[in-house]
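Engineer: Got a structure for you, questions after.
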Amino acid sequence: MVMQIETTRLILRDYRPEDWERVHIYGSQPEFSRFELWGPNSVEDTKKFVDSVVAEAKIAPRFKFNLAVCLKDGLLIGGNGIRRESQNSCVANLGWAINPEFQNRGYASEAAAGLIKFGFESLNLRVIYATCDARNSASFKVMEKVGMKRVGLLEKNLMQKGHMRDSLRYEICRT
């Protein structure tokens, strides 16, 4: 089954192999990935990522949904995902990445809200959480904008590019 979610301005859809070029535009930028465990990506890294999420979408039953974020005209501007911890889990992790050329326009929040709705209504999730580097204010502002609440500070929990980082955890629960 091909996955597609439509929001007011966006289409969230399964990745296609040819998407690697649009993903590489932002995935290769050192500044873009400064708060991430990955990146900046080489062409090989980007192709491997896209190949992995294309293959992952074929696993049945599906419990990880990594989707391309596209404008309604079809232009890929980023990615997002909602990933259950296991096939039977009612808890999932939410994440997003929007090309810097398209940031500060509400696309990350709109895509995240679309996945939260999908998670609660279609996947019957109870809790959706997201984490980010504690220094990444843009990311935690998206979490707050979509109704997620900060539930914790994980001190020095991840090695990231040579140093231990602090992470924030946000959650939203099904009401």
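Each chain in the structure tokens gets a letter, A, B and so on, in the order shown; residues start at 1 in every chain, and ligands are counted from 1 in the order they appear.
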Any idea what's packed within 6 Å of segment 117-129 of chain A, counting only C-alpha atoms, ignoring anything in its chain fewer than 6 positions away? Could you give it as a PDB file with all heavy atoms, in the first residue's frame?
Structural biologist:
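The resulting file, part.pdb, is shown below:
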ATOM      1  N   CYS A  90       2.111   0.780  21.194  1.00  0.00           N
ATOM      2  CA  CYS A  90       1.194   1.911  21.085  1.00  0.00           C
ATOM      3  C   CYS A  90       1.932   3.211  21.413  1.00  0.00           C
ATOM      4  O   CYS A  90       1.325   4.231  21.726  1.00  0.00           O
ATOM      5  CB  CYS A  90      -0.039   1.716  21.959  1.00  0.00           C
ATOM      6  SG  CYS A  90       0.311   1.362  23.661  1.00  0.00           S
ATOM      7  N   VAL A  91       3.265   3.159  21.315  1.00  0.00           N
ATOM      8  CA  VAL A  91       4.139   4.317  21.513  1.00  0.00           C
ATOM      9  C   VAL A  91       4.963   4.494  20.248  1.00  0.00           C
ATOM     10  O   VAL A  91       5.453   3.512  19.674  1.00  0.00           O
ATOM     11  CB  VAL A  91       5.066   4.105  22.727  1.00  0.00           C
ATOM     12  CG1 VAL A  91       6.039   5.260  22.875  1.00  0.00           C
ATOM     13  CG2 VAL A  91       4.266   3.901  24.001  1.00  0.00           C
ATOM     14  N   ALA A  92       5.127   5.746  19.800  1.00  0.00           N
ATOM     15  CA  ALA A  92       5.912   6.002  18.593  1.00  0.00           C
ATOM     16  C   ALA A  92       6.719   7.275  18.736  1.00  0.00           C
ATOM     17  O   ALA A  92       6.362   8.190  19.479  1.00  0.00           O
ATOM     18  CB  ALA A  92       4.998   6.095  17.370  1.00  0.00           C
ATOM     19  N   ASN A  93       7.811   7.316  17.988  1.00  0.00           N
ATOM     20  CA  ASN A  93       8.706   8.460  17.919  1.00  0.00           C
ATOM     21  C   ASN A  93       8.378   9.276  16.672  1.00  0.00           C
ATOM     22  O   ASN A  93       8.101   8.713  15.618  1.00  0.00           O
ATOM     23  CB  ASN A  93      10.156   7.958  17.860  1.00  0.00           C
ATOM     24  CG  ASN A  93      11.139   9.065  17.561  1.00  0.00           C
ATOM     25  OD1 ASN A  93      11.458   9.325  16.413  1.00  0.00           O
ATOM     26  ND2 ASN A  93      11.603   9.703  18.593  1.00  0.00           N
ATOM     27  N   LEU A  94       8.428  10.586  16.813  1.00  0.00           N
ATOM     28  CA  LEU A  94       8.127  11.513  15.730  1.00  0.00           C
ATOM     29  C   LEU A  94       9.382  12.315  15.402  1.00  0.00           C
ATOM     30  O   LEU A  94      10.125  12.710  16.309  1.00  0.00           O
ATOM     31  CB  LEU A  94       7.014  12.460  16.200  1.00  0.00           C
ATOM     32  CG  LEU A  94       6.487  13.521  15.253  1.00  0.00           C
ATOM     33  CD1 LEU A  94       5.743  12.884  14.096  1.00  0.00           C
ATOM     34  CD2 LEU A  94       5.551  14.460  16.008  1.00  0.00           C
ATOM     35  N   TYR A 170       9.811  15.426  24.516  1.00  0.00           N
ATOM     36  CA  TYR A 170       8.441  15.950  24.505  1.00  0.00           C
ATOM     37  C   TYR A 170       7.502  14.808  24.173  1.00  0.00           C
ATOM     38  O   TYR A 170       7.861  13.882  23.425  1.00  0.00           O
ATOM     39  CB  TYR A 170       8.297  17.055  23.457  1.00  0.00           C
ATOM     40  CG  TYR A 170       8.830  18.394  23.873  1.00  0.00           C
ATOM     41  CD1 TYR A 170      10.200  18.628  23.993  1.00  0.00           C
ATOM     42  CD2 TYR A 170       7.969  19.436  24.163  1.00  0.00           C
ATOM     43  CE1 TYR A 170      10.677  19.867  24.375  1.00  0.00           C
ATOM     44  CE2 TYR A 170       8.444  20.684  24.555  1.00  0.00           C
ATOM     45  CZ  TYR A 170       9.801  20.884  24.661  1.00  0.00           C
ATOM     46  OH  TYR A 170      10.273  22.115  25.046  1.00  0.00           O
ATOM     47  N   GLU A 171       6.266  14.891  24.691  1.00  0.00           N
ATOM     48  CA  GLU A 171       5.261  13.868  24.418  1.00  0.00           C
ATOM     49  C   GLU A 171       3.896  14.507  24.215  1.00  0.00           C
ATOM     50  O   GLU A 171       3.621  15.601  24.719  1.00  0.00           O
ATOM     51  CB  GLU A 171       5.136  12.887  25.602  1.00  0.00           C
ATOM     52  CG  GLU A 171       6.330  12.035  25.839  1.00  0.00           C
ATOM     53  CD  GLU A 171       6.156  11.075  27.006  1.00  0.00           C
ATOM     54  OE1 GLU A 171       5.102  11.117  27.705  1.00  0.00           O
ATOM     55  OE2 GLU A 171       7.089  10.277  27.242  1.00  0.00           O
ATOM     56  N   ILE A 172       3.060  13.771  23.513  1.00  0.00           N
ATOM     57  CA  ILE A 172       1.645  14.082  23.425  1.00  0.00           C
ATOM     58  C   ILE A 172       0.919  12.761  23.595  1.00  0.00           C
ATOM     59  O   ILE A 172       1.328  11.739  23.032  1.00  0.00           O
ATOM     60  CB  ILE A 172       1.268  14.815  22.116  1.00  0.00           C
ATOM     61  CG1 ILE A 172      -0.178  15.299  22.164  1.00  0.00           C
ATOM     62  CG2 ILE A 172       1.556  13.971  20.890  1.00  0.00           C
ATOM     63  CD1 ILE A 172      -0.531  16.295  21.047  1.00  0.00           C
ATOM     64  N   CYS A 173      -0.111  12.767  24.408  1.00  0.00           N
ATOM     65  CA  CYS A 173      -0.875  11.550  24.702  1.00  0.00           C
ATOM     66  C   CYS A 173      -2.252  11.638  24.078  1.00  0.00           C
ATOM     67  O   CYS A 173      -2.846  12.707  24.010  1.00  0.00           O
ATOM     68  CB  CYS A 173      -0.994  11.344  26.216  1.00  0.00           C
ATOM     69  SG  CYS A 173       0.579  11.175  27.034  1.00  0.00           S
ATOM     70  N   ARG A 174      -2.737  10.488  23.679  1.00  0.00           N
ATOM     71  CA  ARG A 174      -4.089  10.409  23.131  1.00  0.00           C
ATOM     72  C   ARG A 174      -5.076  10.748  24.238  1.00  0.00           C
ATOM     73  O   ARG A 174      -4.954  10.263  25.355  1.00  0.00           O
ATOM     74  CB  ARG A 174      -4.328   9.010  22.600  1.00  0.00           C
ATOM     75  CG  ARG A 174      -5.621   8.860  21.890  1.00  0.00           C
ATOM     76  CD  ARG A 174      -5.698   7.465  21.355  1.00  0.00           C
ATOM     77  NE  ARG A 174      -6.866   7.333  20.506  1.00  0.00           N
ATOM     78  CZ  ARG A 174      -7.151   6.263  19.843  1.00  0.00           C
ATOM     79  NH1 ARG A 174      -6.361   5.217  19.929  1.00  0.00           N
ATOM     80  NH2 ARG A 174      -8.214   6.212  19.097  1.00  0.00           N
TER      81      ARG A 174
END
Engineer: Would you list the contacts of segment 100-107 of chain A as a list in words, taking every protein, DNA or RNA residue within 9 Å and counting only C-alpha atoms, but skipping same-chain residues closer than 6 positions in sequence?
Structural biologist: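 In the requested form, the answer reads Arg9, Leu10, Tyr26, Phe32, Val69, Ile77, Gly78, Ala138 and Val142 of chain A.
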Engineer: Go ahead and write the residues just picked, N, CA, C and O atoms, as a PDB file, in the first residue's frame.
Structural biologist:
ATOM      1  N   ARG A   9      -1.279  22.338   3.096  1.00  0.00           N
ATOM      2  CA  ARG A   9      -0.320  22.765   2.075  1.00  0.00           C
ATOM      3  C   ARG A   9       0.636  21.682   1.612  1.00  0.00           C
ATOM      4  O   ARG A   9       1.442  21.920   0.707  1.00  0.00           O
ATOM      5  N   LEU A  10       0.568  20.508   2.233  1.00  0.00           N
ATOM      6  CA  LEU A  10       1.597  19.486   2.009  1.00  0.00           C
ATOM      7  C   LEU A  10       1.011  18.135   1.636  1.00  0.00           C
ATOM      8  O   LEU A  10      -0.141  17.833   1.946  1.00  0.00           O
ATOM      9  N   TYR A  26      19.653  19.303   1.270  1.00  0.00           N
ATOM     10  CA  TYR A  26      19.759  19.746   2.665  1.00  0.00           C
ATOM     11  C   TYR A  26      20.582  18.789   3.521  1.00  0.00           C
ATOM     12  O   TYR A  26      21.267  19.219   4.442  1.00  0.00           O
ATOM     13  N   PHE A  32      22.981  22.347   8.586  1.00  0.00           N
ATOM     14  CA  PHE A  32      21.675  21.725   8.728  1.00  0.00           C
ATOM     15  C   PHE A  32      21.711  20.554   9.707  1.00  0.00           C
ATOM     16  O   PHE A  32      20.780  20.348  10.477  1.00  0.00           O
ATOM     17  N   VAL A  69       8.278  14.957   2.658  1.00  0.00           N
ATOM     18  CA  VAL A  69       7.391  16.112   2.823  1.00  0.00           C
ATOM     19  C   VAL A  69       7.462  16.908   1.524  1.00  0.00           C
ATOM     20  O   VAL A  69       8.527  17.397   1.141  1.00  0.00           O
ATOM     21  N   ILE A  77      10.482  18.964  -0.025  1.00  0.00           N
ATOM     22  CA  ILE A  77      11.138  20.003   0.780  1.00  0.00           C
ATOM     23  C   ILE A  77      11.676  19.464   2.108  1.00  0.00           C
ATOM     24  O   ILE A  77      12.237  20.218   2.900  1.00  0.00           O
ATOM     25  N   GLY A  78      11.491  18.178   2.356  1.00  0.00           N
ATOM     26  CA  GLY A  78      11.988  17.622   3.602  1.00  0.00           C
ATOM     27  C   GLY A  78      11.468  16.215   3.818  1.00  0.00           C
ATOM     28  O   GLY A  78      10.976  15.561   2.903  1.00  0.00           O
ATOM     29  N   ALA A 138      14.631  25.616  17.530  1.00  0.00           N
ATOM     30  CA  ALA A 138      13.658  25.519  16.435  1.00  0.00           C
ATOM     31  C   ALA A 138      12.888  24.208  16.521  1.00  0.00           C
ATOM     32  O   ALA A 138      11.674  24.171  16.304  1.00  0.00           O
ATOM     33  N   VAL A 142       8.726  23.570  17.462  1.00  0.00           N
ATOM     34  CA  VAL A 142       7.772  22.801  16.655  1.00  0.00           C
ATOM     35  C   VAL A 142       6.988  21.858  17.563  1.00  0.00           C
ATOM     36  O   VAL A 142       5.763  21.757  17.471  1.00  0.00           O
TER      37      VAL A 142
END
Engineer: Quick check for you: according to DSSP on this backbone, which residues of chain A are classed as strand (DSSP E)? Reply as a PyMOL selection string.
Structural biologist: chain A and resi 4-6+10-14+64-71+76-84+91-98+127-133+149-160+163-173
Engineer: Give me the residues near segment 57-61 of chain A as a ChimeraX atom specification, where near means some atom within 10 Å (using only C-alpha atoms) and where sequence neighbours in that chain fewer than 6 positions away do not count.
Structural biologist: /A:1-3,14-15,67,87-88
Engineer: Write a file of the just-selected residues containing N, CA, C and O atoms, as a PDB file, in the first residue's frame.
Structural biologist:
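Here's the written file selection_14.pdb:
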ATOM      1  N   MET A   1       0.837  -1.184   0.000  1.00  0.00           N
ATOM      2  CA  MET A   1       0.000   0.000   0.000  1.00  0.00           C
ATOM      3  C   MET A   1       0.882   1.248   0.000  1.00  0.00           C
ATOM      4  O   MET A   1       1.794   1.370   0.805  1.00  0.00           O
ATOM      5  N   VAL A   2       0.632   2.151  -0.893  1.00  0.00           N
ATOM      6  CA  VAL A   2       1.369   3.404  -0.957  1.00  0.00           C
ATOM      7  C   VAL A   2       0.789   4.355   0.082  1.00  0.00           C
ATOM      8  O   VAL A   2      -0.416   4.549   0.179  1.00  0.00           O
ATOM      9  N   MET A   3       1.670   4.933   0.860  1.00  0.00           N
ATOM     10  CA  MET A   3       1.264   5.810   1.954  1.00  0.00           C
ATOM     11  C   MET A   3       1.247   7.257   1.478  1.00  0.00           C
ATOM     12  O   MET A   3       2.215   7.725   0.861  1.00  0.00           O
ATOM     13  N   ASP A  14       5.348   8.250   0.728  1.00  0.00           N
ATOM     14  CA  ASP A  14       6.500   7.362   0.756  1.00  0.00           C
ATOM     15  C   ASP A  14       7.606   7.918  -0.140  1.00  0.00           C
ATOM     16  O   ASP A  14       7.332   8.539  -1.182  1.00  0.00           O
ATOM     17  N   TYR A  15       8.833   7.691   0.286  1.00  0.00           N
ATOM     18  CA  TYR A  15       9.984   8.075  -0.530  1.00  0.00           C
ATOM     19  C   TYR A  15      10.054   7.205  -1.774  1.00  0.00           C
ATOM     20  O   TYR A  15       9.594   6.064  -1.786  1.00  0.00           O
ATOM     21  N   LEU A  67       8.439   9.452   5.723  1.00  0.00           N
ATOM     22  CA  LEU A  67       7.759  10.005   4.557  1.00  0.00           C
ATOM     23  C   LEU A  67       8.444  11.267   4.051  1.00  0.00           C
ATOM     24  O   LEU A  67       8.964  12.066   4.833  1.00  0.00           O
ATOM     25  N   GLN A  87       6.113  -3.641  16.248  1.00  0.00           N
ATOM     26  CA  GLN A  87       4.870  -3.783  15.497  1.00  0.00           C
ATOM     27  C   GLN A  87       3.628  -3.666  16.358  1.00  0.00           C
ATOM     28  O   GLN A  87       2.588  -3.219  15.890  1.00  0.00           O
ATOM     29  N   ASN A  88       3.724  -4.054  17.626  1.00  0.00           N
ATOM     30  CA  ASN A  88       2.548  -4.037  18.501  1.00  0.00           C
ATOM     31  C   ASN A  88       2.536  -2.865  19.469  1.00  0.00           C
ATOM     32  O   ASN A  88       1.634  -2.765  20.296  1.00  0.00           O
TER      33      ASN A  88
END
Engineer: So that each row is one residue of segment 74-135 of chain A with an atom at most 9 Å from segment 157-165 of chain A, can you give its shortest atom pair and the distance in Å to one decimal, using only C-alpha atoms, rows by chain and rising number, as a Markdown table?
Structural biologist:
| residue | atom | partner | partner_atom | distance |
| --- | --- | --- | --- | --- |
| A:Asp133 | CA | A:Arg165 | CA | 6.7 |
| A:Ala134 | CA | A:Arg165 | CA | 7.7 |
| A:Arg135 | CA | A:Arg165 | CA | 9.0 |
